[in-house]
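Notes follow once the structure below has been shown.
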Amino acid sequence: MTHTTSPTMSARDGGLQPVVLAANQPIDRPYQGGSGIARFRGAGKQVPYTPEDFVASTTEVYSGHGVGLTILPDGRTLRAAIEADPLGYLGAEHVRRFGANTMLLVKLLSTDERLFVHYHPDADFAAARFERTMGKTEAWIVVDTAGQDEAYAYLGFNRPVTDDEVEIWVTNQQIPEMLDAMNRMPLHVGDTLYVPAGIAHAIGPGITLVELQEPTDLSILLEYTGYPGFTLSSALLGLDLPTAISGLQRSQLTADQLDFLSAGRREGSSTAQQLFPAEADTFFAAWSLDVHTRHDIAAGFAVLVVIEGGARLEFDSGNLDLHSGTTVLIPHGAGDVSIIGRMRGILCAPPAPSA
């Protein structure tokens with residue numbers, strides 16, 4: 001990891017430790033999903049319409065009311081715990097740069113039907129229209145495709161499109177025309193996609209992925225027919241149509257641009273490879289871990305998602321068992337930690353303070 005500051009004395013005295021997180025899946029989301037999360041976590045019966053697992057989340061869904069916030073074993077929300085001890089959870093350098101904001105939301109996402117075509121506003125749009133400080137750039141790591149030979153996502157447009165075209169598509173819900181103008185991207189286990197704010201996208205059925213994103217829930221739907229609870233107004237977050245699509249990237253994504261967004265980074269050692277393009281560093285970072293005996297992680301706020309294997313996470317005051325489907329919150333105050341054993345996983349972190 002790039003975070004190398006030492007734990008604060010108060011955090012050391014307070015005994016902050018890594019903690020295994022239970023599933024945190026808001027119910028009644030607007031699309032069907034969750035079977036892949038149930039398989040991944042080794043859970044029992046899947047609850048319908050729970051396609052997202054908010055991991056180490058200080059972020060609420062757009063409608064609020066605390067939905068989406070992670071609850072720690074002591075009963076507090078992670079948000080409240082960080083507000084009470086930002087230095088312990090995040091470290092002094094992070095707090096100096098970003099305050100008590102984790103600057104990161106990690107999700108497990110599982111589609112049992114194709115996710116609607118939508119886009120996420122950038123920070124300027126979010127500030128101007130919603131008085132929010134962040135947009136929603138995101139990135140994905142595919143961990144399961146349910147055995148499909150033709151798993152896919154749609155990403156951006158394959159030709160320039162006009163405002164008039166988009167307005168007609170959205171008003172009349174002309175979905176085949178919309179999809180015909182988009183790039184269909186094949187997906188396989190291990191693939192990554194970096195999705196900057198403003199780019200229209202949709203995810204095909206049967207996909208389970210780890211998603212890193214800016215910690216906000218802002219989505220403008222270009223497609224809403226067939227998904228429960230939406231009207232045109234709610235799909236556009238209450239904006240009029242010309243305003244709502246003004247943040248949409250309507251230019252063509254070229255072959256070179258698609259290669260850039262999907263090729264990833266793959267820099268590092270045989271044990272830990274950084275996944276996303278350097279352009280993503282101002283938003284978040286992720287490493288693919290392939291540990292055979294030991295891997296050391298420097299002090300810093302992080303989220304570990306275990307894909308497969310059996311290992312343990314060792315830290316000054318104890319250890320945790322790691323197995324497939326485990327998600328772990330690592331606070332800065334836990335100090336340096338080590339993975340001992342054989343394990344594959346994803347290590348997720350906020351932007352480095354120097355990014």
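Chain labels run A, B, ... following the order of the structure tokens; each chain numbers its residues from 1, and ligands are numbered from 1 in the order shown.
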Open item on the list: Report as JSON, numbers by chain all protein, DNA and RNA residues lying within 8 Å of stretch 305-311 of chain A, evaluated on only C-alpha atoms, omitting residues in the same chain fewer than 5 positions from it.
Closed with: {"A": [40, 143, 321, 322, 323, 324, 325, 326, 327, 328, 339, 340, 341, 342, 343, 344, 345, 346, 347, 348]}
- [ ] Can you check which residues of stretch 127-290 of chain A DSSP gives as strand (DSSP E or B) on the backbone and send them as a ChimeraX atom specification?
- [x] /A:138-144,152-157,182-186,192-195,201-203,208-213,220-221,252,267-268,272-274,285-290
Task: Who sits within 9 Å of stretch 81-83 of chain A, only C-alpha atoms, same chain under 4 positions skipped, as a ChimeraX atom specification - done: /A:58,72,76-77,87-90,100-102
Open item on the list: Could you check the closest approach to A:Asp191 for each of A:Asp217, A:Asp259, A:Asp124, A:Glu223 and tell me which residue wins, using only C-alpha atoms?
Closed with: A:Asp259
TODO: May I ask which of the residues A:Gly68, A:Gly190, A:Pro353, A:Gly198 is the closest one to A:Ile245, counting only C-alpha atoms?
DONE: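 Closest to A:Ile245, using only C-alpha atoms: A:Gly198.
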